[in-house]
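Only one structure is covered here, and it is reproduced in the block below.
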Amino acid sequence: MKIFCVEGTLVATARIGGLESHRLLVVQDRKGDKQVAVDPVGCKPGDWVIACGSSAARDAAGSKEYPSDLTIVGIIDYWDEESPGEERSEEPELLVVESVAPSPNAPSQNGGARR
Amino acid sequence: MKIFCVEGTLVATARIGGLESHRLLVVQDRKGDKQVAVDPVGCKPGDWVIACGSSAARDAAGSKEYPSDLTIVGIIDYWDEESPGEERSEEPELLVVESVAPSPNAPSQNGGARR
Amino acid sequence: MKIFCVEGTLVATARIGGLESHRLLVVQDRKGDKQVAVDPVGCKPGDWVIACGSSAARDAAGSKEYPSDLTIVGIIDYWDEESPGEERSEEPELLVVESVAPSPNAPSQNGGARR
Amino acid sequence: MKIFCVEGTLVATARIGGLESHRLLVVQDRKGDKQVAVDPVGCKPGDWVIACGSSAARDAAGSKEYPSDLTIVGIIDYWDEESPGEERSEEPELLVVESVAPSPNAPSQNGGARR
Amino acid sequence: MKIFCVEGTLVATARIGGLESHRLLVVQDRKGDKQVAVDPVGCKPGDWVIACGSSAARDAAGSKEYPSDLTIVGIIDYWDEESPGEERSEEPELLVVESVAPSPNAPSQNGGARR
């Protein structure tokens with residue numbers, strides 16, 4: 001999964017059927033390259049997210065037939081860069097988005113990312 | 001999905017069967033690299049579009065068997081780069097191309113992209 | 001699909017079964033990077049071609065099981081870079097290679113590419 | 001498979017269902033680019049690992065439906081860069097992780113990598 | 001398929017089940033980037049090889065379920081870079097490796113590559 005920052009919403013009124021059910025977001029990687037990702041999680045601009053590509057992007061967006069090659073699968077709280085030899089952190093408490101149906105009203109997560 | 005500008009039509013008279021039903025367009029990304037994409041939407045040169053790769057490109061072009069690895073899935077009107085903390089724009093009104101059958105006579109969209 | 005120029009034939013006498021039925025060609029992209037593609041169309045050195053990757057490369061080479069990740073799917077005659085606003089060219093007359101069985105004796109196309 | 005060094009654990013409390021069962025690790029390649037990989041093996045920061053992408057990443061993470069495009073499939077002990085012409089080393093003794101179910105308590109391997 | 005030079009054997013004693021049956025080789029492309037490939041052909045360090053990615057890498061390694069995203073599919077004897085207009089070389093005599101089961105004792109090919 002690649003790491004991106006959410007820039008904003010993409011407006012594309014002419015699109016193929018099948019892309020109707022989710023928002024499309026413009027995301028930018030750490031080098032500044034922009035791509036467009038499907039958002040089943042409910043992100044807002046400024047969130048740091050992880051996005052999945054390949055065939056997994058399709059199921060992640062809701063179904064095997066979904067025409068996506070990049071889908072956001074999680075919002076990053078932070079990552080913990082430990083020195084070698086230290087104990088592993090305990091498992092994070094997971095707040096799981098239960099389905100991948102579009103959720104424009106899902107509560108947003110506080111997405112400040114400490115890098 | 002990656003972002004491209006449509007350069008023009010590709011003429012390839014010797015091509016494998018299965019590629020017959022759609023136009024092939026030369027598209028260029030923001031760094032100037034050119035690729036060739038299948039067009040089921042009905043684009044014109046100068047349009048900014050999003051194109052899907054991977055296995056999703058095949059269904060996006062019409063069927064699981066379609067031999068494409070890059071298919072245009074939408075024409076960009078504009079994208080909205082908001083500052084963190086602002087409210088999300090409301091959902092765009094979708095003008096959906098109902099099928100992905102080739103439509104050389106489909107009305108073209110006004111594709112001026114404000115970036 | 002990516003754009004390549006055909007450099008020449010690759011000779012690989014030790015290869016896995018399944019790769020037996022087609023010629024392998026060394027192709028070079030516009031940046032000079034070389035790859036190897038399966039040729040079901042019947043190309044010659046100097047031809048500019050489009051090649052398909054991902055899972056579509058397998059069916060394009062003949063079957064779902066074909067072990068290819070890059071398959072030539074067409075020979076470029078030329079591409080037409082129009083200014084925005086001009087009318088689209090009419091659909092090219094397609095000379096379709098009817099199957100993707102290996103055709104060492106297929107008539108070669110005149111592949112001069114105007115870029 | 002690509003070669004990475006494990007940096008640390010990623011904490012993403014808002015994630016799609018299906019990503020719940022494994023830890024997510026931030027990994028860095030030899031050029032310094034960071035990605036996020038699913039860990040079914042039980043790695044620790046500082047380990048050098050190999051990670052698999054494409055559709056294989058999904059089965060490697062546990063099932064065809066797993067929404068991953070990058071999954072760690074092994075911890076590197078070392079690699080043996082021989083000069084051309086020398087005899088091949090004998091097959092390494094394999095300590096295989098028997099399943100890919102999540103194993104937060106699996107004994108960690110001593111992963112110092114001689115390169 | 002991409003072109004690589006075989007550097008040496010990778011030793012990874014902790015690896016997921018399913019990766020047990022083949023050797024893993026460190027390979028290097030013409031730019032110096034290293035990856036790890038599954039070897040069903042029987043290569044030795046110094047061999048120039050072609051390797052297949054995407055979903056085809058899995059079948060090339062032996063089965064649809066094999067967790068590989070890069071599999072060696074042939075050893076390069078040489079490639080023939082002809083000038084445009086010359087006659088094609090006759091088809092190479094194929095010495096095909098009949099199956100993709102692991103063959104640590106398969107006779108090695110003389111792999112000097114004239115480029």
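The way I read the labels, and the way they are meant: chains A, B, ... in the order of the structure tokens, residue 1 as the first residue of every chain, and ligand 1 as the first ligand shown, with later ones counted on from there.
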Select residues of chain A: the criterion is any atom within 9 Å of an atom of chain B, counting only C-alpha atoms; output as a PyMOL selection string.
chain A and resi 7-20+23+25-26+33-38+44-47+53-55+57-58+64-70+104
Just to be explicit: take each residue in the selection above, keep N, CA, C and O atoms, and write the result as a short mmCIF file (atom, residue, chain, number, x, y, z; two decimals), in the first residue's frame.
data_model
loop_
_atom_site.label_atom_id
_atom_site.label_comp_id
_atom_site.auth_asym_id
_atom_site.auth_seq_id
_atom_site.Cartn_x
_atom_site.Cartn_y
_atom_site.Cartn_z
N GLU A 7 -5.63 15.64 -1.25
CA GLU A 7 -5.62 17.03 -1.69
C GLU A 7 -7.02 17.62 -1.78
O GLU A 7 -7.27 18.72 -1.34
N GLY A 8 -7.93 16.87 -2.41
CA GLY A 8 -9.28 17.40 -2.56
C GLY A 8 -10.13 16.46 -3.39
O GLY A 8 -9.68 15.39 -3.80
N THR A 9 -11.35 16.90 -3.61
CA THR A 9 -12.30 16.07 -4.35
C THR A 9 -12.15 16.32 -5.84
O THR A 9 -11.93 17.45 -6.27
N LEU A 10 -12.29 15.26 -6.63
CA LEU A 10 -12.24 15.39 -8.09
C LEU A 10 -13.65 15.43 -8.62
O LEU A 10 -14.49 14.63 -8.22
N VAL A 11 -13.94 16.37 -9.48
CA VAL A 11 -15.25 16.43 -10.09
C VAL A 11 -15.14 15.96 -11.54
O VAL A 11 -14.45 16.58 -12.35
N ALA A 12 -15.78 14.84 -11.82
CA ALA A 12 -15.77 14.29 -13.18
C ALA A 12 -17.19 13.88 -13.52
O ALA A 12 -17.65 12.81 -13.12
N THR A 13 -17.91 14.78 -14.20
CA THR A 13 -19.31 14.48 -14.43
C THR A 13 -19.51 13.43 -15.51
O THR A 13 -20.50 12.71 -15.49
N ALA A 14 -18.60 13.32 -16.45
CA ALA A 14 -18.71 12.27 -17.46
C ALA A 14 -17.83 11.12 -17.02
O ALA A 14 -16.60 11.20 -17.12
N ARG A 15 -18.41 10.08 -16.51
CA ARG A 15 -17.62 8.93 -16.10
C ARG A 15 -18.36 7.65 -16.43
O ARG A 15 -19.58 7.66 -16.57
N ILE A 16 -17.66 6.52 -16.53
CA ILE A 16 -18.35 5.27 -16.86
C ILE A 16 -19.24 4.85 -15.71
O ILE A 16 -18.99 5.19 -14.56
N GLY A 17 -20.29 4.12 -16.06
CA GLY A 17 -21.13 3.53 -15.02
C GLY A 17 -20.27 2.61 -14.17
O GLY A 17 -19.27 2.08 -14.63
N GLY A 18 -20.57 2.43 -12.92
CA GLY A 18 -19.74 1.61 -12.06
C GLY A 18 -18.87 2.45 -11.16
O GLY A 18 -18.48 2.03 -10.08
N LEU A 19 -18.55 3.67 -11.60
CA LEU A 19 -17.78 4.58 -10.75
C LEU A 19 -18.70 5.52 -9.99
O LEU A 19 -18.25 6.50 -9.40
N GLU A 20 -20.00 5.24 -10.01
CA GLU A 20 -20.93 6.22 -9.47
C GLU A 20 -21.00 6.28 -7.97
O GLU A 20 -21.32 7.29 -7.38
N ARG A 23 -16.90 8.69 -3.84
CA ARG A 23 -16.19 9.91 -4.17
C ARG A 23 -14.82 9.57 -4.75
O ARG A 23 -14.23 8.56 -4.41
N LEU A 25 -11.04 11.11 -5.02
CA LEU A 25 -10.17 12.11 -4.39
C LEU A 25 -8.85 12.23 -5.13
O LEU A 25 -8.29 11.22 -5.57
N VAL A 26 -8.37 13.45 -5.25
CA VAL A 26 -7.01 13.65 -5.74
C VAL A 26 -6.07 13.47 -4.55
O VAL A 26 -6.25 14.08 -3.50
N ASP A 33 3.75 13.56 -6.73
CA ASP A 33 2.98 13.05 -7.87
C ASP A 33 1.53 12.85 -7.47
O ASP A 33 1.25 12.28 -6.41
N LYS A 34 0.63 13.28 -8.36
CA LYS A 34 -0.80 13.20 -8.04
C LYS A 34 -1.44 12.02 -8.74
O LYS A 34 -1.15 11.74 -9.91
N GLN A 35 -2.36 11.35 -8.03
CA GLN A 35 -3.19 10.32 -8.64
C GLN A 35 -4.61 10.53 -8.14
O GLN A 35 -4.87 11.41 -7.31
N VAL A 36 -5.53 9.71 -8.62
CA VAL A 36 -6.92 9.79 -8.19
C VAL A 36 -7.30 8.45 -7.56
O VAL A 36 -7.05 7.40 -8.15
N ALA A 37 -7.88 8.50 -6.37
CA ALA A 37 -8.23 7.28 -5.64
C ALA A 37 -9.72 7.27 -5.30
O ALA A 37 -10.32 8.32 -5.07
N VAL A 38 -10.27 6.08 -5.24
CA VAL A 38 -11.64 5.89 -4.78
C VAL A 38 -11.64 5.94 -3.25
O VAL A 38 -10.74 5.40 -2.60
N LYS A 44 -10.90 13.39 4.53
CA LYS A 44 -11.02 14.82 4.24
C LYS A 44 -9.65 15.36 3.82
O LYS A 44 -8.62 14.73 4.12
N PRO A 45 -9.64 16.49 3.15
CA PRO A 45 -8.36 17.03 2.70
C PRO A 45 -7.41 17.22 3.88
O PRO A 45 -7.83 17.66 4.95
N GLY A 46 -6.15 16.88 3.65
CA GLY A 46 -5.16 16.96 4.71
C GLY A 46 -4.92 15.64 5.41
O GLY A 46 -3.91 15.47 6.10
N ASP A 47 -5.82 14.67 5.27
CA ASP A 47 -5.60 13.34 5.85
C ASP A 47 -4.44 12.66 5.16
O ASP A 47 -4.28 12.75 3.94
N GLY A 53 -3.50 -0.76 -4.55
CA GLY A 53 -3.66 -0.85 -6.00
C GLY A 53 -3.91 -2.26 -6.43
O GLY A 53 -4.42 -3.09 -5.67
N SER A 54 -3.56 -2.55 -7.69
CA SER A 54 -3.68 -3.90 -8.23
C SER A 54 -5.12 -4.43 -8.15
O SER A 54 -6.06 -3.65 -8.01
N SER A 55 -5.30 -5.73 -8.24
CA SER A 55 -6.67 -6.26 -8.24
C SER A 55 -7.36 -6.06 -6.89
O SER A 55 -8.58 -6.00 -6.81
N ALA A 57 -7.61 -3.40 -5.27
CA ALA A 57 -8.30 -2.11 -5.23
C ALA A 57 -9.77 -2.27 -5.57
O ALA A 57 -10.61 -1.49 -5.14
N ARG A 58 -10.09 -3.27 -6.33
CA ARG A 58 -11.46 -3.47 -6.78
C ARG A 58 -12.34 -3.96 -5.64
O ARG A 58 -13.38 -3.36 -5.33
N LYS A 64 -15.76 -7.13 -6.84
CA LYS A 64 -14.79 -7.60 -7.85
C LYS A 64 -14.90 -6.83 -9.16
O LYS A 64 -13.96 -6.80 -9.93
N GLU A 65 -16.07 -6.25 -9.43
CA GLU A 65 -16.27 -5.61 -10.73
C GLU A 65 -16.00 -4.12 -10.69
O GLU A 65 -16.06 -3.46 -11.73
N TYR A 66 -15.70 -3.57 -9.52
CA TYR A 66 -15.54 -2.12 -9.42
C TYR A 66 -14.33 -1.68 -10.24
O TYR A 66 -13.24 -2.22 -10.10
N PRO A 67 -14.49 -0.69 -11.11
CA PRO A 67 -13.40 -0.27 -12.00
C PRO A 67 -12.41 0.68 -11.34
O PRO A 67 -12.23 1.82 -11.77
N SER A 68 -11.73 0.21 -10.31
CA SER A 68 -10.74 1.06 -9.67
C SER A 68 -9.39 0.37 -9.66
O SER A 68 -9.31 -0.85 -9.50
N ASP A 69 -8.31 1.15 -9.83
CA ASP A 69 -6.97 0.58 -9.65
C ASP A 69 -6.24 1.24 -8.48
O ASP A 69 -5.05 0.99 -8.28
N LEU A 70 -6.95 2.10 -7.72
CA LEU A 70 -6.37 2.72 -6.52
C LEU A 70 -7.51 3.06 -5.57
O LEU A 70 -8.37 3.87 -5.89
N PRO A 104 -20.69 9.36 3.02
CA PRO A 104 -20.35 10.78 3.09
C PRO A 104 -20.52 11.37 4.47
O PRO A 104 -19.92 12.36 4.82
#
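Picture a line from atom CA of C:Val6 to atom CA of C:Asp39; it runs 10.2 Å.
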